[in-house]
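Structure file upload_14.txt with compact mmCIF, C-alpha atoms and all ligand atoms:
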```txt
# COMPACT_ATOMS: atom_id res chain seq x y z
CA MET A 1 93.94 121.29 103.99
CA THR A 2 97.67 121.19 104.39
CA ALA A 3 99.62 118.97 102.08
CA GLU A 4 101.94 116.66 103.90
CA ILE A 5 105.40 116.54 102.45
CA GLY A 6 108.39 114.37 103.07
CA PRO A 7 108.76 110.63 103.22
CA ARG A 8 105.85 108.41 104.06
CA LEU A 9 105.68 105.41 106.33
CA ALA A 10 105.70 103.02 103.38
CA GLU A 11 109.04 104.39 102.25
CA LEU A 12 110.63 103.96 105.66
CA ALA A 13 109.23 100.47 105.94
CA GLY A 14 110.93 99.62 102.66
CA GLN A 15 114.20 101.05 103.89
CA GLY A 16 114.00 99.57 107.37
CA VAL A 17 114.22 103.03 108.87
CA PRO A 18 112.46 103.73 112.17
CA VAL A 19 110.81 106.98 113.16
CA ALA A 20 112.28 109.28 115.77
CA ALA A 21 109.76 111.26 117.83
CA TRP A 22 110.60 114.20 120.06
CA CYS A 23 108.61 116.13 122.61
CA LEU A 24 109.27 119.82 122.03
CA ASP A 25 108.17 120.64 125.55
CA CYS A 26 110.43 118.42 127.61
CA GLY A 27 112.86 116.97 125.08
CA HIS A 28 111.83 113.38 125.69
CA HIS A 29 112.42 111.25 122.62
CA ARG A 30 111.62 107.79 121.42
CA ILE A 31 112.43 105.63 118.45
CA LEU A 32 109.31 104.09 117.01
CA ALA A 33 109.29 100.99 114.81
CA VAL A 34 107.50 101.61 111.55
CA ALA A 35 105.78 98.24 111.88
CA ASP A 36 104.11 99.43 115.06
CA LEU A 37 102.96 102.62 113.41
CA LEU A 38 101.62 100.76 110.40
CA ALA A 39 99.43 98.75 112.74
CA ARG A 40 97.57 101.95 113.49
CA LEU A 41 98.20 104.27 110.56
CA ASP A 42 97.93 104.16 106.81
CA SER A 43 101.20 103.48 105.02
CA ARG A 44 100.68 106.67 103.01
CA THR A 45 100.82 108.77 106.17
CA ALA A 46 103.66 111.25 105.98
CA VAL A 47 106.25 110.77 108.68
CA ALA A 48 105.81 114.39 109.74
CA ALA A 49 102.10 113.78 110.21
CA VAL A 50 102.62 110.92 112.62
CA ALA A 51 103.45 113.45 115.30
CA ARG A 52 99.82 114.51 115.48
CA ARG A 53 98.84 111.04 116.59
CA LEU A 54 101.29 111.02 119.44
CA GLY A 55 101.48 112.42 122.91
CA CYS A 56 104.50 112.63 125.15
CA GLY A 57 104.79 109.71 127.51
CA ARG A 58 106.64 111.83 130.03
CA CYS A 59 104.95 115.20 130.23
CA GLY A 60 101.77 114.48 128.28
CA GLY A 61 102.57 117.27 125.84
CA ARG A 62 101.19 117.27 122.35
CA ALA A 63 103.99 119.28 120.74
CA ILE A 64 105.62 116.31 119.06
CA GLU A 65 107.95 116.29 116.11
CA THR A 66 108.64 113.20 114.05
CA ARG A 67 111.18 112.46 111.38
CA PRO A 68 112.92 109.46 109.85
CA HIS A 69 115.69 108.11 112.00
CA TYR A 70 118.32 107.38 109.39
CA ALA A 71 121.14 105.39 110.88
CA GLY A 72 124.56 106.77 110.18
CA LEU A 73 123.26 110.19 109.27
CA GLY A 74 124.82 111.64 112.37
CA VAL A 75 123.58 112.53 115.78
CA VAL A 76 120.43 114.56 115.89
CA ALA A 77 121.31 117.28 118.32
CA GLY A 78 118.45 118.88 120.08
CA HIS A 79 114.99 119.13 118.74
CA ARG A 80 114.96 122.25 116.67
CA TRP A 81 113.58 121.55 113.27
CA GLU A 82 111.22 123.90 111.65
CA GLY A 83 109.46 123.59 108.36
CA GLY A 84 110.17 120.51 106.36
ZN ZN A 101 107.27 115.81 127.01
```
Produce structure tokens that represent the structure in this file.
Amino acid sequence: MTAEIGPRLAELAGQGVPVAAWCLDCGHHRILAVADLLARLDSRTAVAAVARRLGCGRCGGRAIETRPHYAGLGVVAGHRWEGG
């Protein structure tokens, strides 16, 4: 079992922060409201783990990356995060 690290959905909900999701195959990205995710997922779900529940709406790929979309943190350029 792999421990999920990083913020969880409950934390983002408390901060009013949405989740950004990227497709690593085609670069398609979406901003997901935490409220929508909480309708389907447990609030203790790590943000990074949400990616496994998603598929790309454009290319159908399953290589999705998710992270908190903190406003004002700067532009997220590209889709190259590893680890975390
Ligand atoms: Zn895609």
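The closest residue to ligand ZN 101 (chain A), picked from A:Val34, A:Ala10, A:Val47, A:Leu54 and counting only C-alpha atoms and all ligand atoms, is A:Leu54.
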Q | atom ZN of ligand ZN 101 (chain A) to atom CA of Arg67 of chain A, straight-line distance in Å | A | 16.5 Å
(Q) Can you pull out the residues contacting Arg8 of chain A? Cut-off 7 Å, using all atoms listed in the file, and skip same-chain residues under 3 positions away; I want them as a list in words. (A)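 The residues satisfying every condition are Glu11, Leu12, Ser43, Arg44, Thr45, Ala46 and Val47 of chain A.
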Let's have the selection written as a CSV table (one decimal), in the coordinates of the input, with C-alpha atoms.
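The resulting file, result10.csv, is reproduced below:
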```
chain,number,residue,atom,x,y,z
A,11,GLU,CA,109.0,104.4,102.2
A,12,LEU,CA,110.6,104.0,105.7
A,43,SER,CA,101.2,103.5,105.0
A,44,ARG,CA,100.7,106.7,103.0
A,45,THR,CA,100.8,108.8,106.2
A,46,ALA,CA,103.7,111.2,106.0
A,47,VAL,CA,106.2,110.8,108.7
```
Q.
Using only C-alpha atoms and all ligand atoms, which residues of the polymer chains come no farther than 7 Å from ligand ZN 101 (chain A)? I'd like the answer as a list in words.
A. Cys23, Leu24, Asp25, Cys26, Gly27, His28, Cys56, Gly57, Arg58, Cys59, Gly60 and Gly61 of chain A
Selection above as a file: C-alpha atoms, as a compact mmCIF listing (two decimals), in the coordinates of the input:
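Written out: part-v8.txt:
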```
# COMPACT_ATOMS: atom_id res chain seq x y z
CA CYS A 23 108.61 116.13 122.61
CA LEU A 24 109.27 119.82 122.03
CA ASP A 25 108.17 120.64 125.55
CA CYS A 26 110.43 118.42 127.61
CA GLY A 27 112.86 116.97 125.08
CA HIS A 28 111.83 113.38 125.69
CA CYS A 56 104.50 112.63 125.15
CA GLY A 57 104.79 109.71 127.51
CA ARG A 58 106.64 111.83 130.03
CA CYS A 59 104.95 115.20 130.23
CA GLY A 60 101.77 114.48 128.28
CA GLY A 61 102.57 117.27 125.84
```
Surrounding residues of Arg30 of chain A excluding itself and chain neighbours under 4 positions, 7 Å, only C-alpha atoms, as a JSON list (two decimals) with C-alpha atoms, in the coordinates of the input:
```json
[["chain", "number", "residue", "atom", "x", "y", "z"],
["A", 20, "ALA", "CA", 112.28, 109.28, 115.77],
["A", 21, "ALA", "CA", 109.76, 111.26, 117.83],
["A", 22, "TRP", "CA", 110.60, 114.20, 120.06]]
```
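From atom CA of Arg62 of chain A back to atom CA of Ala39 of chain A, the distance works out to 20.9 Å.
The gap separating atom CA of Val17 of chain A from atom CA of Ala71 of chain A is 7.6 Å, in Å to one decimal.
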Q: Name the closest residue to Pro7 of chain A among the candidates A:Pro68, A:Gly55, A:Ala63, A:His29; distances are taken between atoms, counting only C-alpha atoms.
A: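 Checking each of A:Pro68, A:Gly55, A:Ala63, A:His29 against Pro7 of chain A, counting only C-alpha atoms, the winner is A:Pro68.
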Q | Distance criterion (only C-alpha atoms): nearest to Arg52 of chain A out of A:Arg40, A:Glu65, A:Ala13, A:Ile31 | A | A:Glu65
Using 6 Å of padding on each side, determine the axis-aligned box around all atoms of segment 28-39 of chain A present in the file and give its centre and edge lengths in Å to one decimal, as JSON.
```
{"center_x": 105.9, "center_y": 105.8, "center_z": 118.0, "size_x": 25.0, "size_y": 27.1, "size_z": 27.3}
```
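Using all atoms listed in the file, the smallest distance between any of A:Leu9, A:Ala49, A:Gln15, A:Thr66 and Leu37 of chain A comes from A:Leu9.
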